[in-house]
file input-v3.pdb (PDB, C-alpha atoms)
ATOM      1  CA  MET C  15      73.060 104.367  99.289
ATOM      2  CA  LEU C  16      75.131 101.346 100.219
ATOM      3  CA  GLN C  17      74.137  99.478 103.332
ATOM      4  CA  ASP C  18      76.728  99.124 106.067
ATOM      5  CA  ASN C  19      77.124  95.387 105.421
ATOM      6  CA  GLU C  20      77.930  96.094 101.763
ATOM      7  CA  ILE C  21      80.516  98.681 102.797
ATOM      8  CA  ALA C  22      81.935  96.217 105.313
ATOM      9  CA  ALA C  23      82.316  93.494 102.693
ATOM     10  CA  GLU C  24      84.002  95.901 100.300
ATOM     11  CA  LEU C  25      86.447  97.198 102.919
ATOM     12  CA  VAL C  26      87.353  93.682 104.053
ATOM     13  CA  ALA C  27      87.931  92.596 100.431
ATOM     14  CA  MET C  28      90.232  95.582  99.801
ATOM     15  CA  MET C  29      92.138  94.965 103.035
ATOM     16  CA  THR C  30      92.553  91.293 102.154
ATOM     17  CA  GLU C  31      93.856  92.193  98.701
ATOM     18  CA  GLN C  32      96.389  94.588 100.236
ATOM     19  CA  LYS C  33      97.556  92.079 102.846
ATOM     20  CA  GLU C  34      97.960  89.341 100.229
ATOM     21  CA  LEU C  35      99.888  91.750  97.995
ATOM     22  CA  MET C  36     102.213  92.727 100.839
ATOM     23  CA  ILE C  37     102.902  89.075 101.690
ATOM     24  CA  ARG C  38     103.435  88.073  98.060
ATOM     25  CA  THR C  39     105.770  91.001  97.390
ATOM     26  CA  ARG C  40     107.567  90.536 100.739
ATOM     27  CA  ALA C  41     106.922  94.143 101.673
ATOM     28  CA  ASP C  42     107.690  93.381 105.329
ATOM     29  CA  VAL C  43     111.292  92.434 104.515
ATOM     30  CA  PRO C  44     113.779  95.329 104.481
ATOM     31  CA  GLY C  45     115.742  95.710 101.298
ATOM     32  CA  PRO C  46     115.430  96.758  97.697
ATOM     33  CA  VAL C  47     112.118  96.404  95.899
ATOM     34  CA  THR C  48     111.807  96.111  92.145
ATOM     35  CA  ALA C  49     110.127  98.837  90.150
ATOM     36  CA  GLU C  50     107.467  96.350  89.032
ATOM     37  CA  VAL C  51     106.579  95.496  92.629
ATOM     38  CA  LYS C  52     106.392  99.196  93.521
ATOM     39  CA  ARG C  53     104.169  99.784  90.480
ATOM     40  CA  GLU C  54     101.858  96.931  91.441
ATOM     41  CA  GLN C  55     101.601  98.126  95.037
ATOM     42  CA  ARG C  56     100.916 101.682  93.925
ATOM     43  CA  GLU C  57      98.193 100.561  91.510
ATOM     44  CA  VAL C  58      96.353  98.667  94.246
ATOM     45  CA  PHE C  59      96.845 101.357  96.897
ATOM     46  CA  VAL C  60      95.633 104.147  94.594
ATOM     47  CA  ARG C  61      92.592 102.192  93.396
ATOM     48  CA  HIS C  62      91.620 101.378  96.977
ATOM     49  CA  ALA C  63      92.256 104.935  98.205
ATOM     50  CA  ASP C  64      90.059 106.320  95.432
ATOM     51  CA  ARG C  65      87.228 104.051  96.554
ATOM     52  CA  LEU C  66      87.812 104.811 100.243
ATOM     53  CA  HIS C  67      87.593 108.520  99.432
ATOM     54  CA  GLU C  68      84.156 107.981  97.880
ATOM     55  CA  LEU C  69      83.000 105.951 100.864
ATOM     56  CA  LEU C  70      84.269 108.521 103.367
ATOM     57  CA  GLU C  71      82.649 111.426 101.540
ATOM     58  CA  ASN C  72      79.317 109.637 101.272
ATOM     59  CA  HIS C  73      79.146 107.732 104.557
ATOM     60  CA  GLY C  74      81.676 109.178 107.014
ATOM     61  CA  TRP C  75      84.184 107.106 108.950
ATOM     62  CA  PRO C  76      83.242 103.404 108.961
ATOM     63  CA  THR C  77      83.245 102.689 112.694
ATOM     64  CA  ALA C  78      83.392  99.190 114.148
ATOM     65  CA  GLU C  79      79.841  99.551 115.448
ATOM     66  CA  ARG C  80      78.615 100.309 111.904
ATOM     67  CA  VAL C  81      80.693  97.929 109.777
ATOM     68  CA  GLY C  82      82.385  95.611 112.292
ATOM     69  CA  PRO C  83      85.938  95.692 113.612
ATOM     70  CA  GLU C  84      87.545  93.974 110.624
ATOM     71  CA  ALA C  85      86.088  96.397 108.080
ATOM     72  CA  ALA C  86      86.891  99.404 110.283
ATOM     73  CA  ARG C  87      90.486  98.159 110.469
ATOM     74  CA  GLY C  88      90.429  97.784 106.676
ATOM     75  CA  ALA C  89      89.452 101.424 106.206
ATOM     76  CA  TRP C  90      92.318 102.466 108.461
ATOM     77  CA  LEU C  91      94.822 100.263 106.600
ATOM     78  CA  ILE C  92      93.723 101.592 103.218
ATOM     79  CA  ALA C  93      94.091 105.161 104.504
ATOM     80  CA  GLN C  94      97.560 104.330 105.865
ATOM     81  CA  HIS C  95      98.642 103.085 102.429
ATOM     82  CA  ALA C  96      97.241 106.115 100.547
ATOM     83  CA  ASP C  97     100.626 107.866 100.725
ATOM     84  CA  THR C  98     100.354 109.405  97.259
ATOM     85  CA  GLN C  99      96.870 110.768  97.960
ATOM     86  CA  LEU C 100      97.151 113.204 100.826
ATOM     87  CA  ASP C 101      93.591 114.393 100.220
ATOM     88  CA  VAL C 102      92.360 110.912 101.141
ATOM     89  CA  GLN C 103      94.628 110.698 104.172
ATOM     90  CA  ARG C 104      93.641 114.161 105.387
ATOM     91  CA  LEU C 105      89.933 113.370 105.049
ATOM     92  CA  ALA C 106      90.466 110.063 106.852
ATOM     93  CA  VAL C 107      92.305 111.826 109.705
ATOM     94  CA  ARG C 108      89.523 114.385 110.080
ATOM     95  CA  LEU C 109      86.744 111.795 110.110
ATOM     96  CA  LEU C 110      88.652 109.344 112.291
ATOM     97  CA  ARG C 111      89.415 112.150 114.785
ATOM     98  CA  GLU C 112      85.693 112.929 114.973
ATOM     99  CA  ALA C 113      84.970 109.238 115.602
ATOM    100  CA  VAL C 114      87.657 109.083 118.322
ATOM    101  CA  ASP C 115      86.192 112.202 119.931
ATOM    102  CA  ARG C 116      82.780 110.483 119.982
ATOM    103  CA  GLY C 117      84.369 107.408 121.571
ATOM    104  CA  VAL C 118      83.592 105.089 118.643
ATOM    105  CA  ALA C 119      87.110 104.658 117.227
ATOM    106  CA  GLN C 120      90.583 104.024 118.601
ATOM    107  CA  ALA C 121      92.990 106.841 119.423
ATOM    108  CA  ARG C 122      95.831 104.425 118.633
ATOM    109  CA  GLU C 123      94.799 104.149 114.993
ATOM    110  CA  LEU C 124      94.388 107.914 114.763
ATOM    111  CA  ALA C 125      97.935 108.375 116.118
ATOM    112  CA  PHE C 126      99.388 106.103 113.424
ATOM    113  CA  LEU C 127      97.470 107.898 110.682
ATOM    114  CA  GLU C 128      98.335 111.358 111.996
ATOM    115  CA  ASP C 129     102.026 110.399 112.035
ATOM    116  CA  ARG C 130     101.781 109.009 108.514
ATOM    117  CA  VAL C 131     100.262 112.251 107.232
ATOM    118  CA  ALA C 132     102.868 114.327 109.083
ATOM    119  CA  VAL C 133     105.679 112.352 107.447
ATOM    120  CA  ASN C 134     104.033 112.586 104.019
ATOM    121  CA  GLU C 135     103.735 116.353 104.485
ATOM    122  CA  GLY C 136     107.365 116.687 105.577
ATOM    123  CA  ARG C 137     106.492 117.502 109.186
ATOM    124  CA  TYR C 138     107.749 115.920 112.397
ATOM    125  CA  GLN C 139     105.659 113.023 113.668
ATOM    126  CA  VAL C 140     104.145 113.075 117.153
ATOM    127  CA  TYR C 141     103.898 109.420 118.233
ATOM    128  CA  GLY C 142     106.959 107.913 116.571
ATOM    129  CA  THR C 143     105.028 105.302 114.612
ATOM    130  CA  GLN C 144     106.738 105.796 111.257
ATOM    131  CA  VAL C 145     110.108 104.220 110.536
ATOM    132  CA  ALA C 146     112.377 105.879 107.984
ATOM    133  CA  ASP C 147     114.879 103.038 107.651
ATOM    134  CA  VAL C 148     116.301  99.955 109.301
ATOM    135  CA  VAL C 149     120.030 100.107 110.041
ATOM    136  CA  ASP C 150     121.829  97.071 111.434
ATOM    137  CA  GLY C 151     118.483  95.509 112.272
ATOM    138  CA  LYS C 152     117.311  98.551 114.226
ATOM    139  CA  PRO C 153     114.459 100.850 113.179
ATOM    140  CA  VAL C 154     115.313 104.505 112.614
ATOM    141  CA  LEU C 155     112.351 106.773 113.228
ATOM    142  CA  TRP C 156     111.365 109.681 111.076
ATOM    143  CA  PRO C 157     112.031 112.824 113.142
ATOM    144  CA  CYS C 158     109.661 113.377 116.080
ATOM    145  CA  VAL C 159     108.578 116.449 117.993
ATOM    146  CA  ASP C 160     109.903 116.515 121.552
ATOM    147  CA  PRO C 161     111.591 113.071 121.486
ATOM    148  CA  ASP C 162     112.083 113.099 125.281
ATOM    149  CA  GLN C 163     108.304 112.853 125.761
ATOM    150  CA  LEU C 164     107.733 110.303 122.976
ATOM    151  CA  ASN C 165     106.888 107.318 125.172
ATOM    152  CA  GLU C 166     104.455 109.374 127.257
ATOM    153  CA  ARG C 167     102.587 110.411 124.103
ATOM    154  CA  ARG C 168     102.616 106.817 122.855
ATOM    155  CA  ALA C 169     101.222 105.565 126.174
ATOM    156  CA  SER C 170      98.451 108.179 126.085
ATOM    157  CA  VAL C 171      97.004 106.494 122.969
ATOM    158  CA  GLY C 172      97.763 102.887 123.872
ATOM    159  CA  ILE C 173     101.010 102.377 121.960
ATOM    160  CA  GLU C 174     103.862 100.503 123.635
ATOM    161  CA  PRO C 175     107.163 102.290 124.365
ATOM    162  CA  PHE C 176     109.352 102.683 121.301
ATOM    163  CA  GLU C 177     112.167 100.603 122.795
ATOM    164  CA  GLN C 178     109.803  97.676 123.339
ATOM    165  CA  ASN C 179     108.627  97.915 119.747
ATOM    166  CA  ALA C 180     112.186  98.274 118.414
ATOM    167  CA  ALA C 181     113.323  95.137 120.261
ATOM    168  CA  ARG C 182     111.102  93.045 117.980
ATOM    169  CA  TRP C 183     112.997  94.226 114.905
ATOM    170  CA  ALA C 184     116.228  92.563 115.962
TER     171      ALA C 184
END
call {"tool": "encode", "arguments": {"input": "input-v3.pdb", "output": "structure tokens"}}
result
Amino acid sequence: MLQDNEIAAELVAMMTEQKELMIRTRADVPGPVTAEVKREQREVFVRHADRLHELLENHGWPTAERVGPEAARGAWLIAQHADTQLDVQRLAVRLLREAVDRGVAQARELAFLEDRVAVNEGRYQVYGTQVADVVDGKPVLWPCVDPDQLNERRASVGIEPFEQNAARWA
């Protein structure tokens, strides 16, 4: 069985690889992406999600108290990027929800992951964390349940109002 510090080092290395890939491929810039860039991103995301799945099945959710905050954030990021592997995302949501319920993980991160899974399953998101497109410099959300209560739900998990977040896109 891997020790928590070994898991932590592995999660941080995978997160670092993903962040460097996203910077190098300019994934944060709206616009067309080449097929080769998409292929490279997918290869890294799938490889990391496969490994995260093993870690989650064998060790549960890697909480900050077990692996440190950076590694816990890495697990969350890898799960977020596992869009083609809903089994990994669903397992991550279940285990992260249990950790949130025990008070050892952040409800904010769970909200982002729950929304990501909802979008990937073709359902409406709850917290409005997932952007479908950017039009004229403004983010367009994937559809949300009860949009009139969106900011209240966001506040309940520590996410700023959507309008405040959207203002940074301009």
call {"tool": "closest_atom_pairs", "arguments": {"input": "input-v3.pdb", "of": "range 72-172 of chain C", "to": "range 25-31 of chain C", "cutoff": "10 Å", "atoms": "all atoms listed in the file", "output": "Markdown table"}}
result
| residue | atom | partner | partner_atom | distance |
| --- | --- | --- | --- | --- |
| C:Pro76 | CA | C:Leu25 | CA | 9.2 |
| C:Val81 | CA | C:Leu25 | CA | 9.0 |
| C:Gly82 | CA | C:Val26 | CA | 9.8 |
| C:Pro83 | CA | C:Val26 | CA | 9.9 |
| C:Glu84 | CA | C:Val26 | CA | 6.6 |
| C:Ala85 | CA | C:Val26 | CA | 5.0 |
| C:Ala86 | CA | C:Leu25 | CA | 7.7 |
| C:Arg87 | CA | C:Met29 | CA | 8.3 |
| C:Gly88 | CA | C:Met29 | CA | 4.9 |
| C:Ala89 | CA | C:Leu25 | CA | 6.1 |
| C:Trp90 | CA | C:Met29 | CA | 9.3 |
| C:Leu91 | CA | C:Met29 | CA | 6.9 |
| C:Ile92 | CA | C:Met29 | CA | 6.8 |
call {"tool": "axis_aligned_box", "arguments": {"input": "input-v3.pdb", "around": "range 66-83 of chain C", "padding_each_side": "8 Å", "output": "AutoDock Vina command-line options"}}
result
--center_x 83.2 --center_y 103.5 --center_z 106.7 --size_x 25.2 --size_y 31.8 --size_z 33.6
call {"tool": "resolve_selection", "arguments": {"input": "input-v3.pdb", "expression": "the PyMOL selection byres ((chain C and resi 61-69) around 12)", "output": "ChimeraX atom specification"}}
result
/C:15-18,20-22,24-32,54-60,70-76,85-86,88-107,109
call {"tool": "atom_distance", "arguments": {"input": "input-v3.pdb", "atom1": "CA of Trp156 in chain C", "atom2": "CA of Glu135 in chain C"}}
result
12.1 Å
call {"tool": "residues_around", "arguments": {"input": "input-v3.pdb", "residues": "range 159-176 of chain C", "least_positions_apart": "4", "cutoff": "8 Å", "atoms": "all atoms listed in the file", "output": "MDAnalysis selection string"}}
result
chainID C and resid 121:122 125 138:142 180
call {"tool": "closest_residue", "arguments": {"input": "input-v3.pdb", "among": "C:Val43, C:Ala78, C:Val118, C:Ala49", "to": "Gly151 in chain C", "atoms": "only C-alpha atoms"}}
result
C:Val43
call {"tool": "closest_residue", "arguments": {"input": "input-v3.pdb", "among": "C:Ala119, C:Val131, C:Cys158, C:Leu35", "to": "Arg53 in chain C", "atoms": "all atoms listed in the file"}}
result
C:Leu35
call {"tool": "atom_distance", "arguments": {"input": "input-v3.pdb", "atom1": "CA of Glu128 in chain C", "atom2": "CA of Lys33 in chain C"}}
result
21.4 Å
call {"tool": "atom_distance", "arguments": {"input": "input-v3.pdb", "atom1": "CA of Ala41 in chain C", "atom2": "CA of Val149 in chain C"}}
result
16.7 Å
call {"tool": "resolve_selection", "arguments": {"input": "input-v3.pdb", "expression": "the PyMOL selection byres ((chain C and resi 153) around 12)", "output": "PyMOL selection string"}}
result
chain C and resi 44+142-152+154-156+176-184
call {"tool": "closest_residue", "arguments": {"input": "input-v3.pdb", "among": "C:Thr77, C:Arg137, C:Ile37, C:Val51", "to": "Arg111 in chain C", "atoms": "only C-alpha atoms"}}
result
C:Thr77
call {"tool": "decode", "arguments": {"input": "input-v3.pdb", "residues": "range 18-55 of chain C", "atoms": "C-alpha atoms", "output": "PDB file, in the first residue's frame"}}
result
ATOM      1  CA  ASP C  18       0.195   9.115   1.937  1.00  0.00           C
ATOM      2  CA  ASN C  19       3.384  11.045   1.140  1.00  0.00           C
ATOM      3  CA  GLU C  20       3.926   8.890  -1.958  1.00  0.00           C
ATOM      4  CA  ILE C  21       0.346   9.524  -3.068  1.00  0.00           C
ATOM      5  CA  ALA C  22       0.824  13.230  -2.399  1.00  0.00           C
ATOM      6  CA  ALA C  23       3.963  13.388  -4.532  1.00  0.00           C
ATOM      7  CA  GLU C  24       2.247  11.541  -7.361  1.00  0.00           C
ATOM      8  CA  LEU C  25      -0.838  13.778  -7.297  1.00  0.00           C
ATOM      9  CA  VAL C  26       1.262  16.949  -7.231  1.00  0.00           C
ATOM     10  CA  ALA C  27       3.364  15.693 -10.169  1.00  0.00           C
ATOM     11  CA  MET C  28       0.226  14.935 -12.215  1.00  0.00           C
ATOM     12  CA  MET C  29      -1.303  18.314 -11.370  1.00  0.00           C
ATOM     13  CA  THR C  30       1.919  20.076 -12.344  1.00  0.00           C
ATOM     14  CA  GLU C  31       2.022  18.217 -15.654  1.00  0.00           C
ATOM     15  CA  GLN C  32      -1.576  19.232 -16.383  1.00  0.00           C
ATOM     16  CA  LYS C  33      -0.998  22.878 -15.468  1.00  0.00           C
ATOM     17  CA  GLU C  34       2.143  23.060 -17.616  1.00  0.00           C
ATOM     18  CA  LEU C  35       0.266  21.443 -20.511  1.00  0.00           C
ATOM     19  CA  MET C  36      -2.595  23.929 -20.210  1.00  0.00           C
ATOM     20  CA  ILE C  37      -0.184  26.883 -20.184  1.00  0.00           C
ATOM     21  CA  ARG C  38       1.869  25.549 -23.095  1.00  0.00           C
ATOM     22  CA  THR C  39      -1.219  24.819 -25.194  1.00  0.00           C
ATOM     23  CA  ARG C  40      -2.875  28.121 -24.188  1.00  0.00           C
ATOM     24  CA  ALA C  41      -5.973  26.298 -23.013  1.00  0.00           C
ATOM     25  CA  ASP C  42      -7.095  29.370 -21.057  1.00  0.00           C
ATOM     26  CA  VAL C  43      -7.424  31.444 -24.240  1.00  0.00           C
ATOM     27  CA  PRO C  44     -10.797  31.202 -26.010  1.00  0.00           C
ATOM     28  CA  GLY C  45     -10.634  30.170 -29.621  1.00  0.00           C
ATOM     29  CA  PRO C  46      -9.951  27.226 -31.864  1.00  0.00           C
ATOM     30  CA  VAL C  47      -7.627  24.467 -30.718  1.00  0.00           C
ATOM     31  CA  THR C  48      -5.775  22.184 -33.092  1.00  0.00           C
ATOM     32  CA  ALA C  49      -6.572  18.498 -33.207  1.00  0.00           C
ATOM     33  CA  GLU C  50      -3.012  17.716 -32.099  1.00  0.00           C
ATOM     34  CA  VAL C  51      -3.375  19.871 -28.989  1.00  0.00           C
ATOM     35  CA  LYS C  52      -6.715  18.229 -28.172  1.00  0.00           C
ATOM     36  CA  ARG C  53      -5.113  14.803 -28.655  1.00  0.00           C
ATOM     37  CA  GLU C  54      -2.212  15.681 -26.370  1.00  0.00           C
ATOM     38  CA  GLN C  55      -4.522  17.042 -23.680  1.00  0.00           C
TER      39      GLN C  55
END
